[in-house]
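*Asks:* Just so it is clear, I am handing over work18.cif, which has mmCIF, C-alpha atoms and all ligand atoms.
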```cif
data_work
loop_
_atom_site.label_atom_id
_atom_site.label_comp_id
_atom_site.auth_asym_id
_atom_site.auth_seq_id
_atom_site.Cartn_x
_atom_site.Cartn_y
_atom_site.Cartn_z
CA MET N 1215 3.45 -13.33 78.67
CA ARG N 1216 1.86 -10.59 80.73
CA ILE N 1217 4.47 -10.13 83.43
CA LEU N 1218 3.71 -8.22 86.61
CA VAL N 1219 6.97 -7.13 88.26
CA THR N 1220 6.68 -5.85 91.83
CA GLY N 1221 9.32 -3.47 93.21
CA GLY N 1222 10.43 -2.51 89.72
CA ALA N 1223 11.56 0.98 90.76
CA GLY N 1224 14.13 -0.41 93.23
CA PHE N 1225 17.71 -1.44 92.58
CA ILE N 1226 17.26 -4.98 91.25
CA GLY N 1227 13.74 -4.48 89.82
CA SER N 1228 14.80 -1.52 87.69
CA THR N 1229 17.84 -3.41 86.38
CA LEU N 1230 15.56 -6.35 85.53
CA LEU N 1231 13.02 -4.16 83.69
CA ASN N 1232 15.71 -2.14 81.88
CA THR N 1233 17.08 -5.46 80.61
CA LEU N 1234 13.88 -7.32 79.76
CA VAL N 1235 11.54 -4.62 78.40
CA PRO N 1236 13.70 -3.68 75.36
CA ARG N 1237 14.87 -7.27 74.81
CA HIS N 1238 11.37 -8.79 74.85
CA PRO N 1239 8.86 -6.67 72.93
CA GLU N 1240 6.74 -9.85 72.65
CA HIS N 1241 6.00 -9.67 76.40
CA GLN N 1242 4.03 -6.99 78.28
CA PHE N 1243 5.46 -5.73 81.57
CA LEU N 1244 3.61 -4.00 84.41
CA ASN N 1245 5.70 -2.46 87.18
CA VAL N 1246 3.80 -2.36 90.49
CA ASP N 1247 5.61 -0.25 93.08
CA VAL N 1248 4.47 2.03 95.90
CA LEU N 1249 7.63 4.17 95.54
CA THR N 1250 9.18 4.09 99.00
CA TYR N 1251 12.45 5.94 99.75
CA ALA N 1252 14.26 3.04 97.98
CA ALA N 1253 12.51 3.68 94.66
CA ASN N 1254 13.91 6.01 92.07
CA PRO N 1255 11.89 6.30 88.85
CA ALA N 1256 14.93 7.99 87.25
CA ASN N 1257 16.39 4.49 87.18
CA LEU N 1258 13.70 3.56 84.63
CA ALA N 1259 14.14 6.51 82.25
CA VAL N 1260 15.38 4.29 79.41
CA ILE N 1261 12.16 2.26 79.23
CA GLU N 1262 9.67 5.04 80.04
CA GLY N 1263 7.23 5.34 77.11
CA ARG N 1264 7.94 1.87 75.65
CA GLU N 1265 4.78 0.20 74.34
CA ASN N 1266 5.32 -2.99 76.32
CA TYR N 1267 5.88 -1.19 79.65
CA GLU N 1268 3.38 0.25 82.15
CA PHE N 1269 3.59 1.46 85.74
CA GLU N 1270 1.02 1.37 88.58
CA GLN N 1271 1.65 2.91 91.97
CA VAL N 1272 0.21 0.32 94.32
CA ASP N 1273 1.06 -0.67 97.87
CA ILE N 1274 1.20 -4.47 98.06
CA THR N 1275 -0.01 -4.30 101.67
CA ASP N 1276 -3.32 -2.95 100.26
CA GLU N 1277 -5.35 -6.10 99.57
CA ALA N 1278 -8.02 -4.34 97.48
CA GLY N 1279 -5.42 -2.39 95.50
CA VAL N 1280 -3.55 -5.57 94.64
CA ARG N 1281 -6.77 -7.39 93.65
CA SER N 1282 -7.78 -4.51 91.42
CA VAL N 1283 -4.45 -4.62 89.55
CA PHE N 1284 -4.88 -8.34 88.92
CA ASP N 1285 -8.53 -7.89 87.83
CA LYS N 1286 -7.66 -5.09 85.47
CA TRP N 1287 -4.35 -6.23 84.03
CA ARG N 1288 -4.73 -10.07 84.19
CA PRO N 1289 -1.05 -11.04 84.49
CA ASN N 1290 -0.08 -14.65 83.79
CA CYS N 1291 3.33 -14.29 85.41
CA VAL N 1292 4.45 -12.47 88.56
CA ILE N 1293 8.08 -11.68 89.38
CA HIS N 1294 7.93 -10.51 92.98
CA LEU N 1295 10.76 -8.25 94.16
CA ALA N 1296 8.95 -5.58 96.21
CA ALA N 1297 10.27 -5.60 99.75
CA GLU N 1298 11.77 -3.61 102.52
CA SER N 1299 15.34 -4.70 101.90
CA HIS N 1300 17.79 -3.08 104.33
CA VAL N 1301 18.83 -5.09 107.41
CA ASP N 1302 19.78 -2.04 109.52
CA ARG N 1303 16.36 -0.46 108.96
CA SER N 1304 14.72 -3.76 109.95
CA ILE N 1305 16.52 -3.62 113.31
CA HIS N 1306 15.28 -0.11 114.09
CA GLY N 1307 11.79 -0.44 112.59
CA PRO N 1308 10.76 -4.04 111.92
CA ARG N 1309 7.01 -3.47 111.42
CA ALA N 1310 7.23 -2.22 107.84
CA PHE N 1311 9.19 -5.37 107.01
CA MET N 1312 6.46 -7.62 108.40
CA LEU N 1313 3.76 -5.73 106.53
CA THR N 1314 5.40 -5.49 103.12
CA ASN N 1315 7.46 -8.65 103.06
CA ILE N 1316 4.94 -11.01 104.69
CA LEU N 1317 1.46 -9.51 104.27
CA GLY N 1318 2.34 -7.97 100.90
CA THR N 1319 3.52 -11.33 99.58
CA PHE N 1320 0.38 -13.00 100.92
CA ASN N 1321 -1.84 -10.42 99.18
CA LEU N 1322 -0.08 -11.09 95.87
CA LEU N 1323 -0.42 -14.86 96.28
CA GLU N 1324 -4.12 -14.55 97.08
CA ALA N 1325 -4.75 -12.23 94.13
CA ALA N 1326 -2.93 -14.68 91.86
CA ARG N 1327 -4.98 -17.57 93.29
CA ALA N 1328 -8.21 -15.69 92.63
CA THR N 1329 -7.15 -14.83 89.07
CA TRP N 1330 -5.60 -18.09 87.85
CA THR N 1331 -7.32 -21.44 87.56
CA GLU N 1332 -5.45 -24.24 89.34
CA GLY N 1333 -2.07 -25.01 87.74
CA GLU N 1334 -2.15 -21.83 85.64
CA GLY N 1335 0.26 -18.87 85.76
CA LEU N 1336 3.69 -18.55 87.33
CA PHE N 1337 4.63 -16.84 90.61
CA HIS N 1338 8.37 -16.27 90.89
CA HIS N 1339 9.49 -15.03 94.30
CA VAL N 1340 12.82 -13.24 94.60
CA SER N 1341 14.37 -14.00 97.97
CA THR N 1342 17.70 -13.93 99.75
CA ASP N 1343 20.42 -16.25 101.01
CA GLU N 1344 19.99 -14.56 104.42
CA VAL N 1345 17.05 -16.88 105.19
CA TYR N 1346 19.60 -19.64 105.90
CA GLY N 1347 21.38 -17.73 108.69
CA SER N 1348 25.11 -17.83 109.34
CA LEU N 1349 27.71 -20.36 108.16
CA ALA N 1350 30.92 -21.70 109.68
CA ASP N 1351 34.16 -21.50 107.68
CA GLY N 1352 34.19 -23.80 104.66
CA GLU N 1353 30.40 -24.32 104.63
CA PHE N 1354 28.04 -23.32 101.81
CA PHE N 1355 24.26 -22.84 101.62
CA SER N 1356 22.46 -25.42 99.51
CA GLU N 1357 18.76 -25.36 98.64
CA ASP N 1358 18.30 -27.93 101.43
CA SER N 1359 19.98 -25.86 104.15
CA PRO N 1360 17.62 -25.31 107.08
CA TYR N 1361 16.06 -21.87 107.44
CA ASP N 1362 17.63 -20.00 110.39
CA PRO N 1363 17.14 -16.24 109.92
CA SER N 1364 18.83 -13.77 112.30
CA SER N 1365 17.37 -10.32 111.54
CA PRO N 1366 13.79 -9.04 111.28
CA TYR N 1367 14.54 -8.57 107.55
CA SER N 1368 15.66 -12.15 106.97
CA ALA N 1369 12.88 -13.54 109.21
CA SER N 1370 10.30 -11.66 107.12
CA LYS N 1371 11.85 -12.95 103.89
CA ALA N 1372 11.92 -16.50 105.30
CA SER N 1373 8.22 -16.14 106.17
CA SER N 1374 7.45 -14.99 102.65
CA ASP N 1375 9.32 -17.98 101.19
CA HIS N 1376 7.19 -20.30 103.35
CA LEU N 1377 3.98 -18.62 102.21
CA VAL N 1378 4.96 -18.93 98.55
CA ARG N 1379 5.92 -22.58 98.95
CA SER N 1380 2.69 -23.37 100.82
CA HIS N 1381 0.56 -21.80 98.08
CA GLY N 1382 2.40 -24.03 95.63
CA ARG N 1383 1.75 -27.18 97.64
CA THR N 1384 -1.76 -26.45 98.88
CA TYR N 1385 -3.33 -24.77 95.87
CA ASN N 1386 -1.19 -26.31 93.12
CA MET N 1387 0.00 -22.83 92.17
CA PRO N 1388 3.06 -22.85 89.90
CA ILE N 1389 5.67 -21.15 92.08
CA ARG N 1390 9.44 -20.81 91.95
CA ILE N 1391 11.82 -19.17 94.43
CA SER N 1392 15.34 -17.80 94.05
CA ASN N 1393 17.59 -17.18 97.05
CA CYS N 1394 20.37 -14.85 96.02
CA SER N 1395 23.49 -13.53 97.70
CA ASN N 1396 24.52 -9.83 98.02
CA ASN N 1397 24.08 -7.79 94.84
CA TYR N 1398 26.13 -4.79 93.78
CA GLY N 1399 26.16 -2.55 90.71
CA PRO N 1400 24.90 0.80 89.39
CA MET N 1401 21.87 2.54 90.90
CA GLN N 1402 22.01 0.82 94.31
CA PHE N 1403 20.67 2.98 97.12
CA PRO N 1404 23.64 4.28 99.10
CA GLU N 1405 22.61 2.77 102.41
CA LYS N 1406 24.11 -0.58 101.31
CA LEU N 1407 27.80 -1.32 101.92
CA ILE N 1408 29.31 -0.82 98.45
CA PRO N 1409 27.60 2.42 97.29
CA LEU N 1410 27.89 3.87 100.82
CA MET N 1411 31.65 3.25 100.84
CA ILE N 1412 32.14 4.61 97.30
CA GLY N 1413 30.24 7.79 98.22
CA ASN N 1414 32.23 8.28 101.43
CA LEU N 1415 35.53 7.62 99.63
CA LEU N 1416 34.74 10.26 97.02
CA LYS N 1417 33.95 12.76 99.78
CA ARG N 1418 36.91 11.65 101.95
CA ARG N 1419 34.57 10.75 104.77
CA PRO N 1420 35.11 7.95 107.31
CA LEU N 1421 34.30 4.41 106.17
CA PRO N 1422 32.19 2.78 108.92
CA VAL N 1423 33.04 -0.94 109.06
CA TYR N 1424 30.91 -2.93 111.51
CA GLY N 1425 32.79 -4.94 114.16
CA ARG N 1426 36.23 -5.93 112.85
CA GLY N 1427 35.07 -6.22 109.22
CA LEU N 1428 35.46 -10.01 109.31
CA ASN N 1429 31.90 -10.85 108.20
CA VAL N 1430 31.82 -12.59 104.84
CA ARG N 1431 29.32 -11.87 102.04
CA ASP N 1432 29.12 -13.56 98.62
CA TRP N 1433 28.97 -10.80 95.96
CA LEU N 1434 27.12 -11.01 92.65
CA HIS N 1435 26.71 -8.30 90.01
CA VAL N 1436 23.05 -7.26 89.75
CA SER N 1437 22.95 -8.00 86.01
CA ASP N 1438 23.92 -11.62 86.70
CA HIS N 1439 21.13 -11.87 89.30
CA CYS N 1440 18.63 -10.56 86.73
CA GLU N 1441 19.77 -13.10 84.11
CA ALA N 1442 19.37 -15.85 86.73
CA ILE N 1443 15.81 -14.71 87.55
CA TRP N 1444 14.89 -14.69 83.87
CA ALA N 1445 16.40 -18.14 83.30
CA ILE N 1446 14.33 -19.52 86.20
CA VAL N 1447 11.14 -17.87 84.89
CA GLN N 1448 11.74 -19.33 81.43
CA HIS N 1449 13.20 -22.75 82.16
CA GLY N 1450 12.88 -23.49 85.89
CA THR N 1451 10.75 -26.21 87.47
CA ASN N 1452 7.59 -25.41 89.40
CA GLY N 1453 7.85 -25.85 93.16
CA GLU N 1454 11.64 -25.60 93.14
CA SER N 1455 13.93 -23.06 94.72
CA TYR N 1456 17.29 -22.07 93.24
CA ASN N 1457 20.27 -20.59 95.04
CA VAL N 1458 21.99 -17.82 93.12
CA GLY N 1459 25.47 -16.64 94.11
CA GLY N 1460 28.63 -15.05 92.87
CA ASN N 1461 31.17 -17.73 93.92
CA CYS N 1462 32.83 -14.76 95.57
CA PRO N 1463 32.75 -14.89 99.38
CA MET N 1464 34.75 -11.93 100.73
CA ARG N 1465 35.35 -10.34 104.12
CA ASN N 1466 33.84 -6.85 104.38
CA ILE N 1467 37.20 -5.30 105.23
CA ASP N 1468 38.69 -6.77 102.04
CA VAL N 1469 35.78 -5.36 99.97
CA VAL N 1470 36.39 -1.93 101.54
CA TYR N 1471 40.15 -2.05 100.90
CA THR N 1472 39.49 -3.14 97.29
CA LEU N 1473 37.22 -0.11 96.91
CA CYS N 1474 39.99 2.12 98.32
CA ALA N 1475 42.34 0.77 95.64
CA LEU N 1476 39.80 1.21 92.83
CA VAL N 1477 38.83 4.75 93.85
CA ALA N 1478 42.53 5.66 94.22
CA GLU N 1479 43.17 4.29 90.72
CA ALA N 1480 40.15 6.08 89.20
CA THR N 1481 40.80 9.46 90.84
CA GLY N 1482 44.59 9.51 91.06
CA THR N 1483 44.47 9.65 94.87
CA ASP N 1484 46.93 8.09 97.30
CA GLU N 1485 45.56 4.65 98.28
CA ASP N 1486 47.00 4.78 101.82
CA GLU N 1487 45.23 8.07 102.44
CA LEU N 1488 41.92 6.42 101.47
CA ARG N 1489 42.61 3.33 103.59
CA SER N 1490 43.17 5.56 106.60
CA LEU N 1491 39.48 6.56 106.38
CA VAL N 1492 38.44 3.09 107.61
CA CYS N 1493 36.93 3.20 111.09
CA PHE N 1494 35.65 0.20 112.97
CA VAL N 1495 32.27 0.95 114.54
CA GLU N 1496 29.86 -0.88 116.82
CA ASP N 1497 28.70 -4.15 115.28
CA ARG N 1498 25.23 -4.72 113.83
CA PRO N 1499 23.12 -6.73 116.35
CA GLY N 1500 22.50 -10.30 115.16
CA HIS N 1501 25.15 -9.82 112.47
CA ASP N 1502 25.56 -13.09 110.56
CA LEU N 1503 29.25 -13.95 110.28
CA ARG N 1504 29.42 -15.73 106.96
CA TYR N 1505 27.30 -16.26 103.84
CA ALA N 1506 28.44 -18.34 100.89
CA VAL N 1507 26.17 -19.86 98.27
CA ASP N 1508 26.51 -23.23 96.59
CA ALA N 1509 25.01 -22.32 93.21
CA SER N 1510 25.65 -25.67 91.54
CA LYS N 1511 21.95 -26.53 91.08
CA ILE N 1512 21.18 -23.52 88.86
CA ALA N 1513 24.47 -24.04 87.01
CA GLN N 1514 23.74 -27.72 86.31
CA GLU N 1515 20.00 -27.50 85.63
CA LEU N 1516 19.74 -24.14 83.87
CA GLY N 1517 23.32 -23.43 82.76
CA VAL N 1518 23.39 -20.20 84.77
CA VAL N 1519 26.80 -19.05 85.99
CA PRO N 1520 27.99 -15.53 86.89
CA SER N 1521 29.38 -13.77 83.84
CA ARG N 1522 31.12 -10.94 85.68
CA ASP N 1523 34.25 -11.28 87.71
CA PHE N 1524 34.03 -9.33 91.01
CA SER N 1525 37.07 -7.10 90.47
CA ASP N 1526 35.97 -6.07 86.95
CA GLY N 1527 32.36 -5.65 88.09
CA LEU N 1528 33.46 -3.55 91.04
CA ARG N 1529 35.77 -1.41 88.86
CA SER N 1530 32.91 -0.65 86.44
CA THR N 1531 30.59 0.04 89.40
CA VAL N 1532 33.04 2.59 90.81
CA GLN N 1533 33.21 4.16 87.32
CA TRP N 1534 29.41 4.34 87.17
CA TYR N 1535 29.17 6.20 90.50
CA LEU N 1536 31.97 8.56 89.42
CA GLN N 1537 30.27 9.30 86.11
CA ASN N 1538 26.81 9.69 87.63
CA GLN N 1539 27.45 12.21 90.38
CA GLU N 1540 24.14 13.94 89.61
CA TRP N 1541 22.30 10.71 90.43
CA VAL N 1542 24.32 10.34 93.65
CA GLN N 1543 23.72 13.98 94.62
CA ALA N 1544 19.95 13.75 94.01
CA VAL N 1545 19.69 10.61 96.13
CA THR N 1546 21.87 12.05 98.87
CA ASP N 1547 20.17 15.45 99.16
CA GLY N 1548 16.66 14.04 98.73
CA SER N 1549 15.82 15.87 95.49
CA TYR N 1550 15.21 12.50 93.76
CA ARG N 1551 11.86 12.55 95.62
CA ASP N 1552 10.74 15.85 94.05
CA TRP N 1553 9.56 14.25 90.82
CA ILE N 1554 7.72 11.52 92.76
CA GLU N 1555 6.00 14.07 94.99
CA GLN N 1556 4.90 16.09 91.97
CA ASN N 1557 3.61 13.11 90.00
CA TYR N 1558 2.65 10.52 92.59
CA SER N 1559 1.74 10.26 96.23
CA SER N 1560 4.81 9.61 98.30
CA ARG N 1561 4.78 6.97 101.03
CA ALA N 1562 8.19 7.68 102.48
CA THR N 1563 10.60 10.50 102.03
CA ALA N 1564 13.54 9.36 104.15
CA THR N 1565 16.89 9.79 102.47
CA ILE N 1566 20.20 8.55 103.73
CA SER N 1567 21.35 10.22 106.88
CA LYS N 1568 23.51 13.27 106.59
CA ASP N 1569 25.95 11.59 108.97
CA THR N 1570 26.78 8.14 107.71
CA SER N 1571 30.35 8.43 108.92
CA LYS N 1572 30.17 6.60 112.21
CA ASN N 1573 27.27 4.25 112.49
CA GLY N 1574 26.06 3.83 108.95
CA PRO N 1575 22.83 5.32 107.71
CA THR N 1576 20.24 6.19 110.33
CA PRO N 1577 16.84 4.79 109.40
P1 LIG F 1 15.20 -2.07 97.00
O1 LIG F 1 15.00 -1.70 98.43
O2 LIG F 1 16.23 -1.34 96.19
O3 LIG F 1 13.81 -1.93 96.21
C1 LIG F 1 12.59 -2.38 96.73
C2 LIG F 1 11.45 -1.81 95.90
O4 LIG F 1 10.22 -2.32 96.44
C3 LIG F 1 11.37 -0.27 95.92
O5 LIG F 1 11.16 0.22 94.63
C4 LIG F 1 10.15 -0.01 96.80
O6 LIG F 1 9.46 1.19 96.47
C5 LIG F 1 9.30 -1.26 96.55
N1 LIG F 1 8.39 -1.50 97.66
C6 LIG F 1 8.70 -1.55 98.98
N2 LIG F 1 7.58 -1.73 99.72
C7 LIG F 1 6.55 -1.83 98.84
C8 LIG F 1 5.15 -2.02 98.99
N3 LIG F 1 4.59 -2.14 100.20
N4 LIG F 1 4.39 -2.07 97.88
C9 LIG F 1 4.94 -1.94 96.64
N5 LIG F 1 6.26 -1.73 96.45
C10 LIG F 1 7.06 -1.68 97.54
O7 LIG F 1 15.48 -3.63 97.00
P2 LIG F 1 16.42 -4.49 96.05
O8 LIG F 1 17.79 -4.48 96.59
O9 LIG F 1 16.18 -4.12 94.64
O10 LIG F 1 15.81 -5.96 96.33
C11 LIG F 1 14.74 -6.45 95.55
C12 LIG F 1 14.37 -7.84 96.06
O11 LIG F 1 15.49 -8.70 95.97
C13 LIG F 1 13.93 -7.85 97.52
O12 LIG F 1 12.85 -8.75 97.65
C14 LIG F 1 15.15 -8.36 98.27
O13 LIG F 1 14.78 -9.05 99.44
C15 LIG F 1 15.75 -9.30 97.23
N6 LIG F 1 17.21 -9.49 97.32
C16 LIG F 1 18.04 -8.40 97.35
C17 LIG F 1 19.42 -8.62 97.39
C18 LIG F 1 20.38 -7.44 97.42
O14 LIG F 1 21.58 -7.65 97.60
N7 LIG F 1 19.94 -6.21 97.22
C19 LIG F 1 19.93 -9.92 97.41
C20 LIG F 1 19.04 -11.00 97.39
C21 LIG F 1 17.67 -10.77 97.33
O1 LIG F 2 28.02 0.80 106.85
C1 LIG F 2 28.08 -0.43 106.77
N1 LIG F 2 29.15 -1.08 107.30
C2 LIG F 2 29.30 -2.43 107.28
O2 LIG F 2 30.29 -2.98 107.77
C3 LIG F 2 27.05 -1.22 106.12
C4 LIG F 2 25.84 -0.56 105.51
C5 LIG F 2 27.22 -2.59 106.08
N2 LIG F 2 28.29 -3.18 106.66
C6 LIG F 2 28.40 -4.65 106.60
C7 LIG F 2 27.19 -5.43 107.05
C8 LIG F 2 27.22 -6.66 106.16
O3 LIG F 2 28.04 -7.65 106.74
O4 LIG F 2 28.57 -4.98 105.21
C9 LIG F 2 27.87 -6.18 104.87
C10 LIG F 2 26.87 -5.87 103.77
O5 LIG F 2 25.88 -5.03 104.35
P1 LIG F 2 24.59 -4.53 103.52
O6 LIG F 2 25.06 -3.84 102.30
O7 LIG F 2 23.72 -3.79 104.48
O8 LIG F 2 23.95 -5.90 103.06
P2 LIG F 2 23.43 -7.17 103.86
O9 LIG F 2 23.05 -6.83 105.25
O10 LIG F 2 24.46 -8.27 103.70
O11 LIG F 2 22.10 -7.51 103.04
C11 LIG F 2 22.10 -7.36 101.58
O12 LIG F 2 22.27 -8.58 100.93
C12 LIG F 2 21.24 -9.53 101.03
C13 LIG F 2 20.78 -6.71 101.14
O13 LIG F 2 20.58 -5.50 101.86
C14 LIG F 2 19.62 -7.64 101.34
O14 LIG F 2 18.44 -7.06 100.81
C15 LIG F 2 19.91 -8.94 100.63
O15 LIG F 2 18.90 -9.87 100.87
#
```
Please rewrite the model in this file as structure tokens.
*Replies:*
Amino acid sequence: MRILVTGGAGFIGSTLLNTLVPRHPEHQFLNVDVLTYAANPANLAVIEGRENYEFEQVDITDEAGVRSVFDKWRPNCVIHLAAESHVDRSIHGPRAFMLTNILGTFNLLEAARATWTEGEGLFHHVSTDEVYGSLADGEFFSEDSPYDPSSPYSASKASSDHLVRSHGRTYNMPIRISNCSNNYGPMQFPEKLIPLMIGNLLKRRPLPVYGRGLNVRDWLHVSDHCEAIWAIVQHGTNGESYNVGGNCPMRNIDVVYTLCALVAEATGTDEDELRSLVCFVEDRPGHDLRYAVDASKIAQELGVVPSRDFSDGLRSTVQWYLQNQEWVQAVTDGSYRDWIEQNYSSRATATISKDTSKNGPTP
């Protein structure tokens, strides 16, 4: 296959490419990424220079740029991950989310339609469980749950899902969609809950928990998400969507206290001292109370189940951040952008805020 991966310099895309490129020398991979603040090419160092891997800096909102990549490279499979992905940023600046997540997805679909004859190719769209909105206690999202997004981020992802599905139905394009729960693991940008809290714990800074910390998220290790995406690309059914989850719904406050225990264990610090860093801050507007994924369809049809238990996965994630302080420092002080600015044009240079202690990262 000639596989075009969008957003391959981000958290999940780089994990996917680092896994697939060495494992599948029989396939060619092209990483298309504009390199926003969320991209870090250092994450791709292990596959740089491989014969079956190439990179193109392209903005998916640029219709002509996207068409030219398809004309030149002629992919027969697209795995679409490029997106603006952080809910807090979508609240403060929703426009970029509409452009990249909706228009960008549309540009890719249209370029694929122009390149492939009817019924040819495969467009796999990587989406989120957030499109379904919030759940009551005891409920789970199934693939048939109604769409009910609450944030500009999830509304833009819901829109992109609809566009992908409509290209499948109207133009007979082979499409598949995955709706996954919250990912965690190495190399996640420290604006998201888990890496933000690990970083603050290591620096003994306050841990900003929104509201009372009672919101529930279903956590999945990023490597399990990538295996699920690959299973769907290889063995899924066209036109279908697949929920992917960790069978691990947890309250945010419990995730934060677990991190306190793991960082205390790893650094020989007093756990109570770390727990005292928790501070409850103003809630996120439109904050969905509970997500939990029923992932029985992908388990039954494709045999995909999470391989990593949350407490082991979280322990090894804490270890990764401890052992990769240079990576953390470069992302925190902004120097991770230097290489991009020297070698590529840079669309966005924002780093995490210097003061993430009270209200989370400032977009
Ligand atoms: P990320 O923010 O870490 O990475 C996104 C990547 O997309 C970056 O490399 C960025 O440069 C690129 N990008 C952004 N705008 C672009 C544009 N206009 N043109 C080209 N490239 C662009 O995101 P992530 O956490 O790796 O998420 C990847 C995908 O998975 C997203 O579609 C997201 O909605 C979805 N998802 C994420 C999670 C999660 O927990 N992180 C869960 C479910 C689904
Ligand atoms: O400082 C914080 N304090 C806090 O309490 C941050 C950053 C988050 N939170 C809460 C908000 C959420 O309930 O923690 C939970 C997780 O927050 P995020 O890490 O921002 O993730 P979330 O909003 O759940 O969305 C993530 O999972 C689904 C990804 O960012 C999305 O891209 C993905 O689709």
*Asks:* Extract, using only C-alpha atoms, all DNA, RNA and protein residues at most 8 Å from stretch 1215-1224 of chain N, discarding same-chain residues fewer than 5 positions from it, and format them as a list in words.
*Replies:*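 Once the nearby chain positions are removed, what remains is Leu1230, Leu1231, Glu1240, His1241, Gln1242, Phe1243, Leu1244, Asn1245, Val1246, Asp1247, Val1248, Leu1249, Ala1252, Ala1253, Asn1254, Pro1255, Asn1257, Leu1258, Arg1288, Pro1289, Asn1290, Cys1291, Val1292, Ile1293, His1294, Leu1295, Ala1296 and Ala1297 of chain N.
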*Asks:* As an exercise, work out the distance from atom CA of N:Glu1265 to atom CA of N:Arg1237 in Å and give it to one decimal place.
*Replies:*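 Between these atoms lies a distance of 12.6 Å.
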*Asks:* Could you state the separation of atom CA of N:Pro1400 and atom CA of N:Gly1263 in Å, given to one decimal place?
*Replies:*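 Going from atom CA of N:Pro1400 over to atom CA of N:Gly1263, I get 22.0 Å.
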*Asks:* Which residue is closest to N:Gly1352? Choose from N:Gly1227, N:Pro1463, N:Gly1527, N:Pro1239 and count only C-alpha atoms.
*Replies:*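 Counting only C-alpha atoms, the residue closest to N:Gly1352 is N:Pro1463.
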*Asks:* Once you count only C-alpha atoms and all ligand atoms, which residues end up within 8 Å of ligand LIG 2 (chain F), and could you hand them over as a PyMOL selection string?
*Replies:* chain N and resi 1298-1302+1341-1344+1367-1368+1394-1397+1405-1408+1410-1411+1421-1425+1427+1429-1431+1466-1467+1497-1498+1501-1503+1570+1573-1575
*Asks:* Under the rule that only C-alpha atoms are counted, which of N:Glu1479, N:Glu1487, N:Glu1515, N:Glu1496 is the nearest residue to N:Arg1419?
*Replies:*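 Residue with the minimum atom-to-atom distance to N:Arg1419: N:Glu1487.
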*Asks:* For ligand LIG 1 (chain F), which of N:Leu1322, N:Leu1473, N:Leu1488, N:Ile1226 is the closest residue, counting only C-alpha atoms and all ligand atoms?
*Replies:*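 Looking at the shortest contact to ligand LIG 1 (chain F), the residue is N:Ile1226.
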*Asks:* Rank nothing, just name the residue among N:Ala1278, N:Val1436, N:Ala1259, N:Leu1377 nearest to ligand LIG 1 (chain F), using all atoms listed in the file.
*Replies:*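 Residue with the minimum atom-to-atom distance to ligand LIG 1 (chain F): N:Val1436.
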*Asks:* Give the centre and edge lengths of an axis-aligned box, in Å to one decimal, that holds all listed atoms of ligand LIG 1 (chain F) with 3 Å on each side, as AutoDock Vina command-line options.
*Replies:*
```
--center_x 13.0 --center_y -4.9 --center_z 97.4 --size_x 23.2 --size_y 18.2 --size_z 11.6
```
*Asks:* Restricting the calculation to only C-alpha atoms and all ligand atoms: of N:Ala1480, N:Leu1234, N:Ile1391, N:Ala1350, which residue gets closest to ligand LIG 1 (chain F)?
*Replies:*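 Answer, going by the shortest atom-to-atom distance: N:Ile1391.
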*Asks:* So how many Å separate atom CA of N:Leu1349 and atom CA of N:Ser1521, to one decimal?
*Replies:*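 Taking atom CA of N:Leu1349 as the start and atom CA of N:Ser1521 as the end point, the length is 25.3 Å.
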*Asks:* Of the candidates N:Ser1373, N:Thr1481, N:Thr1331, N:Asn1461, which shows the shortest atom-to-atom distance to N:Tyr1346, using all atoms listed in the file?
*Replies:*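 For N:Tyr1346, the nearest of the given residues is N:Ser1373.
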*Asks:* Is there a way to get, as a count of residues only, all residues within 10 Å of the point (40.5, -0.2, 101.2) in file coordinates, counting all atoms listed in the file?
*Replies:* 24
*Asks:* Skipping near chain neighbours, those fewer than 5 positions away, what residues fall within 10 Å of N:Val1545 using all atoms listed in the file, listed as a PDB file with C-alpha atoms, in the coordinates of the input?
*Replies:*
```pdb
ATOM      1  CA  TYR N1251      12.450   5.940  99.750  1.00  0.00           C
ATOM      2  CA  ALA N1252      14.260   3.040  97.980  1.00  0.00           C
ATOM      3  CA  ASN N1254      13.910   6.010  92.070  1.00  0.00           C
ATOM      4  CA  MET N1401      21.870   2.540  90.900  1.00  0.00           C
ATOM      5  CA  PHE N1403      20.670   2.980  97.120  1.00  0.00           C
ATOM      6  CA  PRO N1404      23.640   4.280  99.100  1.00  0.00           C
ATOM      7  CA  GLN N1539      27.450  12.210  90.380  1.00  0.00           C
ATOM      8  CA  GLU N1540      24.140  13.940  89.610  1.00  0.00           C
ATOM      9  CA  TYR N1550      15.210  12.500  93.760  1.00  0.00           C
ATOM     10  CA  ARG N1551      11.860  12.550  95.620  1.00  0.00           C
ATOM     11  CA  THR N1565      16.890   9.790 102.470  1.00  0.00           C
ATOM     12  CA  ILE N1566      20.200   8.550 103.730  1.00  0.00           C
TER      13      ILE N1566
END
```
*Asks:* Could you list, as a short mmCIF file (atom, residue, chain, number, x, y, z; two decimals) with C-alpha atoms, in the frame of the given file, every residue within 12 Å of N:Arg1383, counting all atoms listed in the file and ignoring same-chain residues fewer than 5 positions away?
*Replies:*
```cif
data_model
loop_
_atom_site.label_atom_id
_atom_site.label_comp_id
_atom_site.auth_asym_id
_atom_site.auth_seq_id
_atom_site.Cartn_x
_atom_site.Cartn_y
_atom_site.Cartn_z
CA GLU N 1332 -5.45 -24.24 89.34
CA GLY N 1333 -2.07 -25.01 87.74
CA HIS N 1376 7.19 -20.30 103.35
CA LEU N 1377 3.98 -18.62 102.21
CA VAL N 1378 4.96 -18.93 98.55
CA PRO N 1388 3.06 -22.85 89.90
CA ILE N 1389 5.67 -21.15 92.08
CA ARG N 1390 9.44 -20.81 91.95
CA ASN N 1452 7.59 -25.41 89.40
CA GLY N 1453 7.85 -25.85 93.16
CA GLU N 1454 11.64 -25.60 93.14
#
```
